[in-house]
$ cat target_32.txt   # compact mmCIF, C-alpha atoms
# COMPACT_ATOMS: atom_id res chain seq x y z
CA ASN T 1 -34.82 22.29 -161.36
CA ILE T 2 -35.71 23.49 -164.88
CA VAL T 3 -35.26 20.78 -167.52
CA LEU T 4 -36.77 22.58 -170.55
CA THR T 5 -36.94 26.29 -171.42
CA LEU T 6 -38.95 27.53 -174.40
CA SER T 7 -39.42 30.90 -176.02
CA ALA T 8 -42.82 30.87 -177.74
CA MET T 9 -44.28 33.49 -180.03
CA SER T 10 -46.63 33.82 -182.98
CA ASP T 11 -47.34 36.10 -185.92
CA ILE T 12 -43.90 37.64 -186.27
CA HIS T 13 -44.94 38.75 -189.78
CA LEU T 14 -41.60 39.57 -191.32
CA ASN T 15 -42.51 42.08 -193.98
CA GLY T 16 -40.65 44.75 -195.94
CA SER T 17 -43.38 47.38 -196.05
CA TRP T 18 -45.28 46.66 -192.84
CA TYR T 19 -45.07 49.42 -190.22
CA LYS T 20 -42.11 51.45 -191.43
CA GLY T 21 -40.11 48.35 -192.37
CA ARG T 22 -39.35 47.57 -188.72
CA SER T 23 -40.74 44.05 -188.53
CA LYS T 24 -37.33 42.35 -188.39
CA GLU T 25 -36.19 44.75 -185.70
CA LYS T 26 -39.19 43.76 -183.58
CA VAL T 27 -38.46 40.04 -184.00
CA ILE T 28 -34.81 40.46 -183.02
CA ASN T 29 -35.88 42.52 -179.99
CA ALA T 30 -38.31 39.79 -178.90
CA LEU T 31 -35.66 37.08 -179.28
CA GLU T 32 -33.14 39.08 -177.27
CA PHE T 33 -35.58 39.94 -174.48
CA SER T 34 -36.52 36.27 -174.16
CA ARG T 35 -32.88 35.37 -173.63
CA GLU T 36 -32.37 38.22 -171.17
CA THR T 37 -35.34 37.09 -169.08
CA ALA T 38 -34.69 33.34 -169.05
CA LYS T 39 -32.76 31.98 -166.06
CA ASN T 40 -31.34 29.16 -168.20
CA PRO T 41 -30.30 28.92 -171.84
CA ILE T 42 -33.36 28.62 -174.09
CA ASP T 43 -33.60 25.09 -175.48
CA ALA T 44 -36.09 25.81 -178.28
CA TYR T 45 -37.78 28.73 -179.98
CA VAL T 46 -41.36 27.91 -180.97
CA PHE T 47 -43.28 29.88 -183.63
CA ALA T 48 -47.03 29.36 -184.11
CA GLY T 49 -47.33 30.51 -187.72
CA ASP T 50 -47.30 33.63 -189.88
CA LEU T 51 -43.54 33.80 -190.07
CA VAL T 52 -43.80 36.05 -193.12
CA SER T 53 -46.58 38.20 -194.57
CA CYS T 54 -46.38 38.23 -198.32
CA VAL T 55 -46.79 34.69 -199.53
CA ASN T 56 -50.58 34.86 -199.66
CA GLY T 57 -50.47 38.34 -201.16
CA CYS T 58 -51.91 40.20 -198.18
CA VAL T 59 -49.45 43.06 -198.16
CA MET T 60 -49.53 46.80 -198.52
CA LEU T 61 -49.05 47.64 -202.19
CA GLY T 62 -48.75 51.31 -203.04
CA GLY T 63 -50.32 52.29 -199.73
CA LYS T 64 -53.45 50.18 -200.29
CA TRP T 65 -54.33 46.63 -199.35
CA GLY T 66 -53.87 44.49 -202.42
CA THR T 67 -54.13 40.88 -203.55
CA ASP T 68 -51.82 41.05 -206.55
CA TYR T 69 -49.96 37.84 -205.73
CA GLY T 70 -47.35 38.18 -208.45
CA LYS T 71 -46.40 41.72 -207.49
CA ALA T 72 -46.47 40.85 -203.79
CA LEU T 73 -44.12 37.93 -204.28
CA ALA T 74 -41.77 39.94 -206.47
CA GLU T 75 -41.52 42.89 -204.10
CA GLN T 76 -41.59 41.18 -200.76
CA SER T 77 -40.75 37.51 -200.90
CA GLU T 78 -36.97 37.60 -201.09
CA TYR T 79 -36.71 40.31 -198.46
CA GLU T 80 -38.88 38.35 -196.06
CA PHE T 81 -37.07 35.05 -196.41
CA ASP T 82 -33.70 36.82 -196.16
CA GLY T 83 -34.94 38.43 -192.95
CA LEU T 84 -36.27 35.15 -191.61
CA ARG T 85 -32.96 33.40 -192.23
CA ASP T 86 -31.09 36.27 -190.58
CA CYS T 87 -33.29 36.09 -187.46
CA PHE T 88 -33.03 32.30 -187.22
CA ASN T 89 -29.35 31.89 -188.11
CA ASN T 90 -27.80 34.98 -186.52
CA HIS T 91 -30.07 35.83 -183.59
CA ILE T 92 -30.91 32.39 -182.23
CA PRO T 93 -27.98 30.45 -180.70
CA GLU T 94 -26.93 27.52 -182.87
CA GLU T 95 -27.42 25.04 -180.03
CA ALA T 96 -31.09 26.06 -179.65
CA GLU T 97 -33.79 24.30 -181.64
CA ILE T 98 -36.22 26.08 -183.99
CA ILE T 99 -39.74 24.63 -184.11
CA TYR T 100 -42.44 26.21 -186.25
CA CYS T 101 -45.74 25.65 -188.00
CA LEU T 102 -47.07 27.66 -190.93
CA GLY T 103 -49.95 30.14 -190.86
CA ASN T 104 -52.32 31.65 -193.39
CA HIS T 105 -49.78 34.31 -194.43
CA ASP T 106 -47.17 31.62 -195.07
CA SER T 107 -49.20 29.57 -197.53
CA MET T 108 -51.30 30.14 -200.63
CA ASN T 109 -53.54 27.58 -202.36
CA GLY T 110 -52.25 24.73 -200.20
CA SER T 111 -49.40 24.06 -197.80
CA ASN T 112 -46.16 25.88 -198.53
CA SER T 113 -43.99 23.60 -196.39
CA GLU T 114 -41.61 22.63 -199.20
CA ARG T 115 -40.72 26.22 -199.95
CA PHE T 116 -39.99 26.97 -196.28
CA ILE T 117 -37.81 23.86 -196.04
CA GLU T 118 -35.91 24.97 -199.14
CA GLU T 119 -35.53 28.60 -198.02
CA LEU T 120 -34.51 27.79 -194.44
CA SER T 121 -32.10 25.04 -195.46
CA TYR T 122 -29.54 27.34 -197.04
CA LEU T 123 -27.28 29.78 -195.23
CA ASN T 124 -25.81 32.10 -197.85
CA GLU T 125 -26.31 31.00 -201.42
CA LYS T 126 -29.65 29.60 -202.49
CA GLY T 127 -29.58 25.82 -202.53
CA ASP T 128 -26.41 25.27 -200.45
CA ASN T 129 -28.52 23.20 -197.96
CA LYS T 130 -25.96 23.75 -195.20
CA ASN T 131 -28.65 24.59 -192.66
CA PHE T 132 -31.04 21.63 -193.05
CA GLU T 133 -29.48 19.61 -190.23
CA ARG T 134 -29.65 22.56 -187.86
CA MET T 135 -33.23 23.50 -188.73
CA TYR T 136 -34.70 20.01 -188.70
CA ARG T 137 -32.38 17.97 -186.50
CA THR T 138 -35.14 17.32 -183.93
CA ASP T 139 -37.63 16.00 -186.52
CA LEU T 140 -38.44 12.31 -186.06
CA ASP T 141 -40.50 11.98 -189.26
CA LEU T 142 -38.98 13.59 -192.36
CA ASN T 143 -41.77 12.24 -194.54
CA ALA T 144 -44.32 14.15 -192.46
CA LEU T 145 -42.09 17.24 -192.47
CA HIS T 146 -42.38 17.49 -196.25
CA LYS T 147 -46.18 17.27 -195.97
CA GLY T 148 -46.60 20.19 -193.58
CA MET T 149 -46.51 18.18 -190.34
CA ARG T 150 -43.69 17.95 -187.81
CA HIS T 151 -42.90 15.64 -184.92
CA CYS T 152 -39.98 17.07 -182.96
CA LEU T 153 -38.30 15.79 -179.81
CA CYS T 154 -36.45 18.30 -177.61
CA LYS T 155 -35.02 17.46 -174.18
CA GLY T 156 -37.41 14.50 -173.89
CA TYR T 157 -40.54 16.51 -174.74
CA HIS T 158 -42.60 16.00 -177.90
CA PHE T 159 -43.76 18.78 -180.23
CA LEU T 160 -46.37 18.14 -182.93
CA CYS T 161 -46.72 20.96 -185.47
CA VAL T 162 -49.43 21.00 -188.11
CA ASP T 163 -50.23 23.22 -191.08
CA TYR T 164 -53.99 23.70 -191.41
CA MET T 165 -53.55 23.86 -195.21
CA ALA T 166 -51.98 20.40 -195.40
CA ASP T 167 -54.16 17.37 -196.16
CA TYR T 168 -57.12 17.53 -193.75
CA ARG T 169 -57.54 13.82 -192.97
CA GLU T 170 -53.85 13.01 -193.05
CA THR T 171 -53.12 15.81 -190.59
CA LEU T 172 -55.70 14.62 -188.07
CA ASP T 173 -54.55 11.00 -188.48
CA PHE T 174 -50.95 12.15 -187.91
CA LEU T 175 -51.94 13.84 -184.65
CA ARG T 176 -54.12 10.97 -183.44
CA LYS T 177 -51.47 8.34 -184.10
CA ASN T 178 -48.67 10.26 -182.42
CA LEU T 179 -50.71 11.50 -179.46
CA ASP T 180 -51.94 7.96 -178.78
CA GLU T 181 -48.39 6.63 -178.70
CA ILE T 182 -46.83 9.51 -176.77
CA THR T 183 -49.49 9.70 -174.05
CA ARG T 184 -49.60 5.93 -173.69
CA ASN T 185 -45.85 5.80 -173.06
CA GLU T 186 -45.61 9.01 -171.00
CA PRO T 187 -49.03 9.79 -169.48
CA ASP T 188 -47.58 12.17 -166.89
CA LYS T 189 -45.79 14.49 -169.33
CA TYR T 190 -47.13 17.38 -171.35
CA VAL T 191 -47.15 17.24 -175.16
CA PHE T 192 -46.91 20.49 -177.14
CA VAL T 193 -49.19 20.83 -180.18
CA ILE T 194 -48.58 23.86 -182.39
CA CYS T 195 -51.08 25.14 -184.98
CA HIS T 196 -51.75 28.67 -186.22
CA TYR T 197 -55.51 28.78 -185.57
CA HIS T 198 -57.23 28.74 -182.18
CA THR T 199 -59.56 25.83 -181.57
CA PRO T 200 -63.19 26.88 -180.85
CA GLY T 201 -64.39 27.53 -177.32
CA THR T 202 -60.96 28.01 -175.81
CA VAL T 203 -58.91 31.23 -175.57
CA TYR T 204 -60.16 34.76 -176.20
CA GLY T 205 -60.87 35.23 -179.91
CA SER T 206 -61.23 31.50 -180.58
CA ASP T 207 -64.84 31.76 -181.70
CA GLU T 208 -64.02 34.03 -184.64
CA LYS T 209 -64.77 32.34 -187.96
CA LYS T 210 -61.80 31.63 -190.22
CA GLY T 211 -61.31 32.27 -193.90
CA SER T 212 -63.04 29.27 -195.43
CA ILE T 213 -65.51 26.50 -194.62
CA SER T 214 -62.77 23.86 -194.78
CA GLU T 215 -60.61 25.80 -192.31
CA ASN T 216 -63.49 26.03 -189.85
CA TYR T 217 -64.22 22.31 -190.18
CA PHE T 218 -60.55 21.55 -189.60
CA ILE T 219 -60.20 23.50 -186.36
CA GLU T 220 -63.53 22.18 -185.05
CA ASP T 221 -62.41 18.59 -185.64
CA LEU T 222 -58.98 19.41 -184.26
CA GLY T 223 -60.52 20.70 -181.02
CA LYS T 224 -62.67 17.55 -180.70
CA LEU T 225 -59.59 15.40 -181.20
CA LEU T 226 -57.45 17.25 -178.65
CA ASN T 227 -60.18 16.92 -176.00
CA ASN T 228 -59.15 13.27 -175.75
CA TYR T 229 -55.63 14.16 -174.61
CA PRO T 230 -55.45 16.06 -171.29
CA GLN T 231 -51.64 16.16 -171.60
CA VAL T 232 -51.80 18.56 -174.57
CA ILE T 233 -50.51 22.13 -174.37
CA TYR T 234 -51.94 23.76 -177.49
CA LEU T 235 -50.16 26.91 -178.73
CA SER T 236 -51.80 28.99 -181.46
CA GLY T 237 -52.02 32.55 -182.77
CA HIS T 238 -53.64 34.29 -185.77
CA GLU T 239 -56.05 36.59 -183.91
CA HIS T 240 -53.32 38.95 -182.60
CA THR T 241 -55.03 39.11 -179.21
CA SER T 242 -53.03 40.22 -176.20
CA ILE T 243 -51.72 37.86 -173.55
CA CYS T 244 -52.50 40.62 -171.03
CA ASN T 245 -56.00 39.15 -171.18
CA GLU T 246 -56.40 36.35 -168.62
CA ARG T 247 -58.53 34.48 -171.14
CA ALA T 248 -55.37 33.96 -173.18
CA ILE T 249 -55.13 30.63 -171.33
CA MET T 250 -58.12 28.28 -171.12
CA GLN T 251 -58.45 24.67 -170.06
CA THR T 252 -61.16 22.37 -171.40
CA GLY T 253 -60.15 18.78 -172.16
CA TYR T 254 -56.65 20.15 -172.76
CA THR T 255 -54.78 23.43 -172.16
CA ALA T 256 -55.02 26.07 -174.89
CA ILE T 257 -52.71 29.09 -174.82
CA GLU T 258 -52.53 32.19 -177.00
CA GLY T 259 -49.08 31.91 -178.56
CA SER T 260 -48.55 35.70 -178.26
CA CYS T 261 -47.96 38.09 -181.14
CA VAL T 262 -44.79 39.93 -182.06
CA GLY T 263 -45.89 41.63 -185.28
CA CYS T 264 -48.74 43.78 -183.95
CA VAL T 265 -51.09 43.22 -181.02
CA ASP T 266 -54.78 44.10 -180.84
CA ASN T 267 -56.40 45.37 -177.63
CA CYS T 268 -53.06 46.03 -175.97
CA VAL T 269 -51.93 49.20 -174.24
CA PRO T 270 -48.24 48.95 -173.20
CA GLN T 271 -47.40 50.25 -169.77
CA GLY T 272 -46.79 53.99 -169.57
CA GLU T 273 -48.21 54.58 -173.06
CA LEU T 274 -51.88 55.21 -172.32
CA ASN T 275 -52.11 58.49 -174.21
CA VAL T 276 -50.47 57.38 -177.44
CA PHE T 277 -52.64 56.96 -180.52
CA LEU T 278 -54.06 53.41 -180.44
CA ALA T 279 -53.17 52.58 -184.05
CA GLU T 280 -49.54 53.26 -183.23
CA LEU T 281 -49.79 51.10 -180.12
CA HIS T 282 -51.24 48.28 -182.16
CA CYS T 283 -48.04 48.26 -184.23
CA GLU T 284 -45.55 49.02 -181.47
CA ALA T 285 -46.87 46.35 -179.10
CA SER T 286 -44.97 43.05 -179.09
CA GLU T 287 -45.44 40.07 -176.78
CA SER T 288 -43.99 36.61 -176.26
CA LEU T 289 -44.02 33.72 -173.79
CA LEU T 290 -41.27 32.12 -171.75
CA ILE T 291 -42.22 28.55 -170.84
CA GLU T 292 -40.25 26.57 -168.25
CA VAL T 293 -40.77 22.91 -167.38
CA ASP T 294 -39.32 21.57 -164.13
CA LYS T 295 -38.08 18.08 -163.31
CA ASN T 296 -41.52 17.11 -161.97
CA GLY T 297 -43.23 18.06 -165.24
CA ALA T 298 -44.85 21.27 -163.94
CA LEU T 299 -45.05 24.36 -166.18
CA LYS T 300 -44.40 28.02 -165.47
CA ILE T 301 -45.41 30.43 -168.24
CA THR T 302 -44.09 34.00 -168.00
CA ARG T 303 -45.66 36.64 -170.22
CA LEU T 304 -43.26 39.14 -171.76
CA ASP T 305 -43.96 42.64 -173.02
CA CYS T 306 -41.15 42.92 -175.56
CA TYR T 307 -41.93 46.57 -176.34
CA THR T 308 -41.47 47.91 -172.82
CA LYS T 309 -39.16 45.01 -171.86
CA SER T 310 -41.19 44.12 -168.81
CA ILE T 311 -43.06 41.17 -167.30
CA ILE T 312 -46.82 41.11 -167.77
CA LYS T 313 -48.72 40.44 -164.53
CA ASN T 314 -48.12 37.10 -162.77
CA PRO T 315 -46.96 33.88 -164.44
CA TRP T 316 -49.38 31.07 -165.22
CA GLU T 317 -48.42 27.90 -163.36
CA LEU T 318 -49.61 24.37 -164.14
CA PRO T 319 -48.91 21.16 -162.22
CA ALA T 320 -47.80 18.09 -164.16
CA PRO T 321 -50.63 16.12 -165.82
CA GLN T 322 -52.64 14.17 -163.24
CA SER T 323 -54.54 10.93 -163.79
CA ASP T 324 -57.72 12.53 -162.39
CA ASN T 325 -57.28 15.54 -164.75
CA SER T 326 -57.17 17.93 -161.80
CA HIS T 327 -54.42 19.85 -163.59
CA LEU T 328 -57.12 21.07 -166.02
CA LYS T 329 -59.03 22.91 -163.30
CA VAL T 330 -56.48 25.67 -162.68
CA TYR T 331 -57.46 27.88 -165.64
CA SER T 332 -60.88 26.54 -166.60
CA ALA T 333 -63.91 28.72 -167.39
CA ASP T 334 -64.99 28.35 -163.74
CA ARG T 335 -62.51 31.11 -162.91
CA LYS T 336 -65.19 33.69 -163.67
CA TYR T 337 -67.20 32.52 -160.66
CA LYS T 338 -64.23 32.76 -158.30
CA ALA T 339 -62.67 36.06 -159.32
CA LYS T 340 -63.65 39.24 -157.52
CA LYS T 341 -65.38 41.74 -159.74
CA PRO T 342 -63.48 44.92 -160.54
CA LYS T 343 -64.90 48.15 -159.11
CA PHE T 344 -64.63 51.79 -160.04
CA PRO T 345 -63.00 54.04 -157.39
CA ASN T 346 -65.46 55.95 -155.19
CA ASN T 347 -64.50 59.24 -156.79
CA ALA T 348 -64.67 57.90 -160.36
CA GLU T 349 -66.41 60.04 -162.94
CA ILE T 350 -66.91 60.08 -166.70
CA LYS T 351 -65.38 63.15 -168.33
CA LEU T 352 -66.70 64.75 -171.51
CA GLU T 353 -64.65 67.19 -173.55
CA GLU T 354 -65.63 68.97 -176.71
CA THR T 355 -63.23 68.47 -179.60
CA GLU T 356 -63.00 69.61 -183.21
CA ASN T 357 -64.65 66.39 -184.38
CA GLY T 358 -67.24 65.94 -181.66
CA VAL T 359 -66.94 64.86 -178.05
CA SER T 360 -64.16 62.98 -176.26
CA VAL T 361 -65.36 60.55 -173.55
CA THR T 362 -62.92 59.48 -170.83
CA ILE T 363 -63.89 56.58 -168.57
CA PRO T 364 -61.70 55.70 -165.55
CA LYS T 365 -60.33 52.21 -165.05
CA ALA T 366 -62.07 49.76 -162.77
CA LEU T 367 -59.71 48.07 -160.32
CA ARG T 368 -59.68 44.69 -158.63
CA ASN T 369 -58.17 44.79 -155.15
CA ASN T 370 -56.84 48.25 -156.10
CA GLU T 371 -54.85 46.66 -158.93
CA ASP T 372 -55.09 47.28 -162.66
CA ILE T 373 -56.58 44.03 -164.01
CA PHE T 374 -55.36 44.78 -167.52
CA ARG T 375 -51.70 44.92 -166.48
$ encode --input "target_32.txt" --output "structure tokens"
Amino acid sequence: NIVLTLSAMSDIHLNGSWYKGRSKEKVINALEFSRETAKNPIDAYVFAGDLVSCVNGCVMLGGKWGTDYGKALAEQSEYEFDGLRDCFNNHIPEEAEIIYCLGNHDSMNGSNSERFIEELSYLNEKGDNKNFERMYRTDLDLNALHKGMRHCLCKGYHFLCVDYMADYRETLDFLRKNLDEITRNEPDKYVFVICHYHTPGTVYGSDEKKGSISENYFIEDLGKLLNNYPQVIYLSGHEHTSICNERAIMQTGYTAIEGSCVGCVDNCVPQGELNVFLAELHCEASESLLIEVDKNGALKITRLDCYTKSIIKNPWELPAPQSDNSHLKVYSADRKYKAKKPKFPNNAEIKLEETENGVSVTIPKALRNNEDIFR
């Protein structure tokens, strides 16, 4: 009874020099594993920002972090957009939709939406514009598209994508106007809102301060706005936190979900890799979401470990939006009072081992119901 299937991911960070030049390989692997796992053809691929890495100059230059924008653009830009087009055009079925917002690595000194539209509109030669209809065929508002905002319609479900570097007031007005109309006409259906930054007080990592005062004001006001729309499913990224963490979904006045990270994942230890150096794991790890909506409007969200090609824990399941907002009580902060506390095994002990650089400390895992709560 599935009527909509989505592959959702964030922070794919296509980059020529990042982690041995394997960023495109990781994206292709994540796209393929999503298709392998889905029971039905994927209707849309959703990306919550940071499609590339170089545009704002935050790239590895000569082995050191640099902010030489001109050199970064010259060395990386064409490679990254070539890679992005290859992933979108050759590794996503043509009948599937592509829905994205931009992140901090995609923009510099203002929204970079026009450049992405230009780059993603051509197939082979720059400026051929043969791909515009495919890339933006679900957009209902082309004027907004060119201003860093998108209103897409896929299989009867609405997607509102916003660039935090677009005009502050216009962006919030765009969301308010569209959410009012959509939820008034379809109060029992979810609406997907995509933005790169977490809104405060929601998922794990959401209380980290952003890069500028204006960015922090924007996400604070965005969170206040979304609290008026219990039908919203808010997908974000930026912090590179793992969806292994159960706090990667949180319900307040709406449902916020960590969009999952493909590029590199913090605080994530892939299964069977516990003894590998953590910095390597950070770069090897890759995660995405598979979101299915059934005919009754209920959601099932399956977490994918794209590195080990396995399912992470149990899926998150949400009923369709209810008039009494009871659907927002499934993954609220009250969970912490209901969950059983993890315990160390009876024979658990801390082990100390002298090393060349000092002392190694090994602490055993605490288990909940004899299960590993991290996986």
$ atom_distance --input "target_32.txt" --atom1 "atom CA of T:Asp141" --atom2 "atom CA of T:Phe159"
11.8 Å
$ closest_residue --input "target_32.txt" --among "T:Lys24, T:Tyr229, T:Asn143, T:Pro345" --to "T:Arg85" --atoms "only C-alpha atoms"
T:Lys24
$ closest_residue --input "target_32.txt" --among "T:Asn216, T:Asn89, T:Thr138, T:Thr202" --to "T:Leu120" --atoms "only C-alpha atoms"
T:Asn89
$ atom_distance --input "target_32.txt" --atom1 "atom CA of T:Leu367" --atom2 "atom CA of T:Glu246"
14.7 Å
$ axis_aligned_box --input "target_32.txt" --around "stretch 224-231 of chain T" --padding-each-side "8 Å" --output "AutoDock Vina command-line options"
--center_x -57.2 --center_y 15.4 --center_z -176.2 --size_x 27.0 --size_y 20.3 --size_z 25.9
$ residues_around --input "target_32.txt" --residues "T:Gly205" --least-positions-apart "5" --cutoff "8 Å" --atoms "all atoms listed in the file" --output "mmCIF file with C-alpha atoms, keeping the file's coordinate frame"
data_model
loop_
_atom_site.group_PDB
_atom_site.id
_atom_site.type_symbol
_atom_site.label_atom_id
_atom_site.label_comp_id
_atom_site.auth_asym_id
_atom_site.auth_seq_id
_atom_site.Cartn_x
_atom_site.Cartn_y
_atom_site.Cartn_z
ATOM 1 C CA HIS T 198 -57.230 28.740 -182.180
ATOM 2 C CA GLU T 239 -56.050 36.590 -183.910
ATOM 3 C CA THR T 241 -55.030 39.110 -179.210
#
$ atom_distance --input "target_32.txt" --atom1 "atom CA of T:Asp305" --atom2 "atom CA of T:Tyr164"
28.2 Å
$ closest_residue --input "target_32.txt" --among "T:Pro319, T:Lys26, T:Asp43, T:His196" --to "T:Ser107" --atoms "all atoms listed in the file"
T:His196
$ closest_residue --input "target_32.txt" --among "T:Leu175, T:Met250, T:Ile301, T:Ala285" --to "T:Cys264" --atoms "only C-alpha atoms"
T:Ala285
$ residues_around --input "target_32.txt" --residues "T:Tyr204" --least-positions-apart "6" --cutoff "8 Å" --atoms "all atoms listed in the file" --output "list of chain:residue names"
T:Thr241, T:Asn245, T:Arg247, T:Ala248
$ residues_near_point --input "target_32.txt" --point "(-49.4, 35.3, -191.3)" --cutoff "9 Å" --atoms "all atoms listed in the file" --output "list in words"
Ser10, Asp11, Ile12, His13, Leu14, Gly49, Asp50, Leu51, Val52, Ser53, Cys54, Val55, Asn56, Cys58, Leu102, Gly103, Asn104, His105, Asp106, Ser107, His196 and His238 of chain T
$ residues_near_point --input "target_32.txt" --point "(-28.2, 25.3, -168.8)" --cutoff "10 Å" --atoms "all atoms listed in the file" --output "list in words"
Ile2, Val3, Leu4, Thr5, Lys39, Asn40, Pro41, Ile42 and Asp43 of chain T
$ write_last_selection --input "target_32.txt" --atoms "C-alpha atoms" --output "PDB file, in the coordinates of the input"
ATOM      1  CA  ILE T   2     -35.710  23.490-164.880  1.00  0.00           C
ATOM      2  CA  VAL T   3     -35.260  20.780-167.520  1.00  0.00           C
ATOM      3  CA  LEU T   4     -36.770  22.580-170.550  1.00  0.00           C
ATOM      4  CA  THR T   5     -36.940  26.290-171.420  1.00  0.00           C
ATOM      5  CA  LYS T  39     -32.760  31.980-166.060  1.00  0.00           C
ATOM      6  CA  ASN T  40     -31.340  29.160-168.200  1.00  0.00           C
ATOM      7  CA  PRO T  41     -30.300  28.920-171.840  1.00  0.00           C
ATOM      8  CA  ILE T  42     -33.360  28.620-174.090  1.00  0.00           C
ATOM      9  CA  ASP T  43     -33.600  25.090-175.480  1.00  0.00           C
TER      10      ASP T  43
END
$ closest_residue --input "target_32.txt" --among "T:Ser323, T:Ser77, T:Ser288, T:Ser113" --to "T:Thr183" --atoms "all atoms listed in the file"
T:Ser323
$ build_atoms --input "target_32.txt" --residues "stretch 249-255 of chain T" --atoms "all heavy atoms" --output "compact mmCIF listing (two decimals), in the coordinates of the input"
# COMPACT_ATOMS: atom_id res chain seq x y z
N ILE T 249 -55.33 32.04 -171.69
CA ILE T 249 -55.13 30.63 -171.33
C ILE T 249 -56.49 30.07 -170.93
O ILE T 249 -57.25 30.72 -170.20
CB ILE T 249 -54.09 30.45 -170.21
CG1 ILE T 249 -53.88 28.96 -169.91
CG2 ILE T 249 -54.47 31.21 -168.95
CD1 ILE T 249 -52.72 28.68 -168.96
N MET T 250 -56.82 28.89 -171.44
CA MET T 250 -58.12 28.28 -171.12
C MET T 250 -57.97 26.77 -171.16
O MET T 250 -57.36 26.21 -172.08
CB MET T 250 -59.19 28.73 -172.12
CG MET T 250 -60.58 28.23 -171.79
SD MET T 250 -61.21 28.87 -170.21
CE MET T 250 -61.45 30.61 -170.63
N GLN T 251 -58.52 26.13 -170.15
CA GLN T 251 -58.45 24.67 -170.06
C GLN T 251 -59.84 24.07 -170.24
O GLN T 251 -60.79 24.43 -169.55
CB GLN T 251 -57.85 24.25 -168.71
CG GLN T 251 -56.39 24.65 -168.56
CD GLN T 251 -55.80 24.22 -167.24
OE1 GLN T 251 -56.30 24.59 -166.19
NE2 GLN T 251 -54.74 23.43 -167.31
N THR T 252 -59.94 23.16 -171.18
CA THR T 252 -61.16 22.37 -171.40
C THR T 252 -60.75 20.92 -171.19
O THR T 252 -60.44 20.52 -170.07
CB THR T 252 -61.71 22.64 -172.80
OG1 THR T 252 -60.67 22.46 -173.77
CG2 THR T 252 -62.25 24.06 -172.90
N GLY T 253 -60.71 20.13 -172.27
CA GLY T 253 -60.15 18.78 -172.16
C GLY T 253 -58.65 18.79 -172.32
O GLY T 253 -57.99 17.76 -172.18
N TYR T 254 -58.09 19.94 -172.61
CA TYR T 254 -56.65 20.15 -172.76
C TYR T 254 -56.37 21.61 -172.42
O TYR T 254 -57.30 22.37 -172.07
CB TYR T 254 -56.20 19.83 -174.19
CG TYR T 254 -56.93 20.60 -175.26
CD1 TYR T 254 -56.37 21.73 -175.85
CD2 TYR T 254 -58.20 20.22 -175.67
CE1 TYR T 254 -57.05 22.45 -176.82
CE2 TYR T 254 -58.90 20.93 -176.64
CZ TYR T 254 -58.32 22.05 -177.21
OH TYR T 254 -59.01 22.75 -178.16
N THR T 255 -55.14 22.05 -172.50
CA THR T 255 -54.78 23.43 -172.16
C THR T 255 -54.46 24.20 -173.43
O THR T 255 -53.52 23.85 -174.15
CB THR T 255 -53.57 23.47 -171.21
OG1 THR T 255 -53.87 22.72 -170.03
CG2 THR T 255 -53.23 24.90 -170.84
